[in-house]
Number of protein chains: 4
Amino acid sequence: MKQFTSKPLLVRYGETDQMGVVHHSNYLRYFEVARLEWLSALGVSYALMEKEGLIMPVIDVKVTYKIPALFDDSLTIYIFLRELPRVKIIFSYEIKNQKDEIVCNGETTLAFLNTKTRKPVRCPEEFSELFST
Amino acid sequence: MKQFTSKPLLVRYGETDQMGVVHHSNYLRYFEVARLEWLSALGVSYALMEKEGLIMPVIDVKVTYKIPALFDDSLTIYIFLRELPRVKIIFSYEIKNQKDEIVCNGETTLAFLNTKTRKPVRCPEEFSELFST
Amino acid sequence: MKQFTSKPLLVRYGETDQMGVVHHSNYLRYFEVARLEWLSALGVSYALMEKEGLIMPVIDVKVTYKIPALFDDSLTIYIFLRELPRVKIIFSYEIKNQKDEIVCNGETTLAFLNTKTRKPVRCPEEFSELFST
Amino acid sequence: MKQFTSKPLLVRYGETDQMGVVHHSNYLRYFEVARLEWLSALGVSYALMEKEGLIMPVIDVKVTYKIPALFDDSLTIYIFLRELPRVKIIFSYEIKNQKDEIVCNGETTLAFLNTKTRKPVRCPEEFSELFST
């Protein structure tokens, strides 16, 4: 499983700004929602993972905005994994609206850190394997 | 010291919504900024307090909105403590803009909890005393 | 129709703060999501309403927090209207988590304003009627 | 003037997440604060600009996170303009904390659009000139 499609996500009023469109910082939050939804779909509880010792901070992001998302738009987030995770995991995203128009593309790189020491660790094999089939 | 005046706080673009004014949820964040600024001014590091075992979650809020705050408005938050804290602490707020117009009034009640057990504790005396003079 | 139950709303990671629970300001955003979902269910497009001349700013809020909501909690928001709207509309809320525990209660009062003049107007009859049956 | 240093910006409690650090989406908000502070320092009111017909939406962002910013950290945002704006304007950023450690680097590209038509326009000469000296 190397790709995932999020459930439709409705743009909230409070996510707009006075330009009348979604504030650009919120797309990073949409990416996150989709990413964690994917983990859930794979049977991984990120909440549990954090408690058991592994956190996955974002260490790099890129977003290219195509057309603005508006209040009440229904967004679908498509996620892709180009390669299996090792010390990092790179997710690519495409967000489309209800008219199937591309709203934005993006990429986020996450590291694997030990919750306590905050030192980098290798991606656990059982985690990496989830994405390999 | 039973009252405190925050430093001027500039409304950020991303805090507005498509109504062209500050989203109503953000005033709770402004209250929080002023509250923690007050603690700092009293020589209390809330960050340290949390580590040493005391957290202060908000358990009740009230806000009455008078006129909207706009992007780039310079807000001043006036905080008052009507009574000395015991098991709870109640802060009252008034936010004014650069024209000295009242933007909103509010009140937040915070509890004192042990960081680990998350059980209520009495307000530490050395904390309560900070507000008594 | 004087009450409404929101679709389940999953707490997002970015909605937590370092206390490990949902930041208290976000419940106002959850209330808003549920409120606008109710309008949609009644066949009202708030986005269209704003364009056609009516905005509904929040002028008063109250929240009482019972237990914290956590990342990935599934929240249900119950909304009630105690009386028919006139120049204001008062929504009452109760949020419950997946264990059916009460997370918080709240109330928000909204005004009806003309989009352009930003002056108060009476609640349109066709709007008020939606809630009367 | 091709570079600008922001006023110190204190990390707010509500900007942290349960990892105990600033949520990664907030750095885009910090960039925005610094960018608009620069415009103000140049004598440009972005609020007025929007009213008079020019909006500047973000069309591309990149952020590389080095070390996490924490609650109450005092951040300074350094902005650079590598080339004069034409149809786009590209800002580069470096955020440092109170220990002069690099927190993150980033870049945002903004377009110039006509407020009403939302069509791209060339950067106004008087605007571009502000950055040329």
# chains A, B, ... in the order shown; residues from 1 in each chain; ligands from 1

call {"tool": "closest_atom_pairs", "arguments": {"of": "chain B", "to": "chain A", "cutoff": "7 Å", "atoms": "only C-alpha atoms", "output": "CSV"}}
result
residue,atom,partner,partner_atom,distance
B:Gly14,CA,A:Asp17,CA,6.0
B:Thr16,CA,A:Asp17,CA,5.0
B:Asp17,CA,A:Asp17,CA,3.8
B:Gln18,CA,A:Gln18,CA,4.3
B:Met19,CA,A:Gln18,CA,6.4
B:Gly20,CA,A:Gln18,CA,4.5
B:His23,CA,A:Gly14,CA,6.5

call {"tool": "closest_atom_pairs", "arguments": {"of": "region 82-114 of chain C", "to": "region 42-61 of chain C", "cutoff": "7 Å", "atoms": "only C-alpha atoms", "output": "tab-separated table"}}
result
residue	atom	partner	partner_atom	distance
C:Glu107	CA	C:Val61	CA	5.6
C:Thr108	CA	C:Val61	CA	4.4
C:Thr109	CA	C:Asp60	CA	5.0
C:Leu110	CA	C:Val58	CA	4.3
C:Ala111	CA	C:Met56	CA	5.3
C:Phe112	CA	C:Met56	CA	4.9
C:Leu113	CA	C:Ile55	CA	5.3
C:Asn114	CA	C:Leu54	CA	4.9

call {"tool": "residues_around", "arguments": {"residues": "Lys2 (chain A)", "least_positions_apart": "3", "cutoff": "7 Å", "atoms": "only C-alpha atoms", "output": "PyMOL selection string"}}
result
chain A and resi 80-81+131-132

call {"tool": "write_last_selection", "arguments": {"atoms": "N, CA and C atoms", "output": "compact mmCIF listing (two decimals), in the first residue's frame"}}
result
# COMPACT_ATOMS: atom_id res chain seq x y z
N PHE A 80 0.95 9.91 -1.47
CA PHE A 80 1.79 8.93 -2.13
C PHE A 80 3.09 8.77 -1.36
N LEU A 81 3.62 7.58 -1.40
CA LEU A 81 4.93 7.33 -0.81
C LEU A 81 5.84 6.89 -1.96
N PHE A 131 3.93 -0.21 4.55
CA PHE A 131 3.85 0.52 3.29
C PHE A 131 4.39 -0.26 2.11
N SER A 132 4.91 -1.48 2.39
CA SER A 132 5.65 -2.18 1.34
C SER A 132 4.79 -3.08 0.48

call {"tool": "select_by_dssp", "arguments": {"residues": "chain C", "states": "strand (DSSP E or B)", "output": "PyMOL selection string"}}
result
chain C and resi 3-5+9-10+16+22+54-55+58-65+74-81+88-96+102-111+113-114+120

call {"tool": "write_last_selection", "arguments": {"atoms": "C-alpha atoms", "output": "PDB file, in the first residue's frame"}}
result
ATOM      1  CA  GLN C   3     -31.801  20.346  17.947  1.00  0.00           C
ATOM      2  CA  PHE C   4     -29.090  18.809  15.892  1.00  0.00           C
ATOM      3  CA  THR C   5     -26.364  16.220  16.302  1.00  0.00           C
ATOM      4  CA  LEU C   9     -15.466  15.004  14.439  1.00  0.00           C
ATOM      5  CA  LEU C  10     -11.978  13.577  14.905  1.00  0.00           C
ATOM      6  CA  THR C  16      -3.517  19.743  20.868  1.00  0.00           C
ATOM      7  CA  VAL C  22      -7.005  19.978  22.877  1.00  0.00           C
ATOM      8  CA  LEU C  54     -26.352  38.571   5.890  1.00  0.00           C
ATOM      9  CA  ILE C  55     -23.477  37.761   8.221  1.00  0.00           C
ATOM     10  CA  VAL C  58     -20.530  35.625  17.312  1.00  0.00           C
ATOM     11  CA  ILE C  59     -21.164  38.242  19.990  1.00  0.00           C
ATOM     12  CA  ASP C  60     -21.001  36.167  23.145  1.00  0.00           C
ATOM     13  CA  VAL C  61     -19.559  32.786  24.142  1.00  0.00           C
ATOM     14  CA  LYS C  62     -19.466  30.659  27.241  1.00  0.00           C
ATOM     15  CA  VAL C  63     -17.697  27.335  27.630  1.00  0.00           C
ATOM     16  CA  THR C  64     -17.424  25.059  30.636  1.00  0.00           C
ATOM     17  CA  TYR C  65     -14.770  22.403  30.223  1.00  0.00           C
ATOM     18  CA  SER C  74     -14.149  11.163  18.141  1.00  0.00           C
ATOM     19  CA  LEU C  75     -16.352  14.013  19.284  1.00  0.00           C
ATOM     20  CA  THR C  76     -20.065  14.454  18.770  1.00  0.00           C
ATOM     21  CA  ILE C  77     -21.540  17.916  19.159  1.00  0.00           C
ATOM     22  CA  TYR C  78     -25.151  18.234  20.270  1.00  0.00           C
ATOM     23  CA  ILE C  79     -26.736  21.610  19.565  1.00  0.00           C
ATOM     24  CA  PHE C  80     -29.932  22.987  20.988  1.00  0.00           C
ATOM     25  CA  LEU C  81     -31.936  26.107  20.319  1.00  0.00           C
ATOM     26  CA  LYS C  88     -30.027  37.263  18.035  1.00  0.00           C
ATOM     27  CA  ILE C  89     -29.754  33.494  17.958  1.00  0.00           C
ATOM     28  CA  ILE C  90     -28.463  31.538  20.931  1.00  0.00           C
ATOM     29  CA  PHE C  91     -27.038  28.080  20.374  1.00  0.00           C
ATOM     30  CA  SER C  92     -26.316  25.727  23.270  1.00  0.00           C
ATOM     31  CA  TYR C  93     -23.824  22.899  22.868  1.00  0.00           C
ATOM     32  CA  GLU C  94     -22.751  19.724  24.530  1.00  0.00           C
ATOM     33  CA  ILE C  95     -19.704  17.863  23.259  1.00  0.00           C
ATOM     34  CA  LYS C  96     -19.293  14.183  24.058  1.00  0.00           C
ATOM     35  CA  ILE C 102     -19.281  15.048  28.439  1.00  0.00           C
ATOM     36  CA  VAL C 103     -16.227  16.981  27.307  1.00  0.00           C
ATOM     37  CA  CYS C 104     -17.715  20.453  27.570  1.00  0.00           C
ATOM     38  CA  ASN C 105     -20.844  22.539  27.466  1.00  0.00           C
ATOM     39  CA  GLY C 106     -21.167  25.890  25.843  1.00  0.00           C
ATOM     40  CA  GLU C 107     -23.323  28.613  24.458  1.00  0.00           C
ATOM     41  CA  THR C 108     -22.778  31.083  21.644  1.00  0.00           C
ATOM     42  CA  THR C 109     -24.880  34.105  20.788  1.00  0.00           C
ATOM     43  CA  LEU C 110     -24.806  35.354  17.216  1.00  0.00           C
ATOM     44  CA  ALA C 111     -26.155  38.576  15.774  1.00  0.00           C
ATOM     45  CA  LEU C 113     -25.839  41.901  10.448  1.00  0.00           C
ATOM     46  CA  ASN C 114     -26.142  43.358   6.988  1.00  0.00           C
ATOM     47  CA  PRO C 120     -27.927  44.705  13.020  1.00  0.00           C
TER      48      PRO C 120
END

call {"tool": "atom_distance", "arguments": {"atom1": "CA of Arg12 (chain D)", "atom2": "CA of Asp72 (chain D)"}}
result
6.3 Å
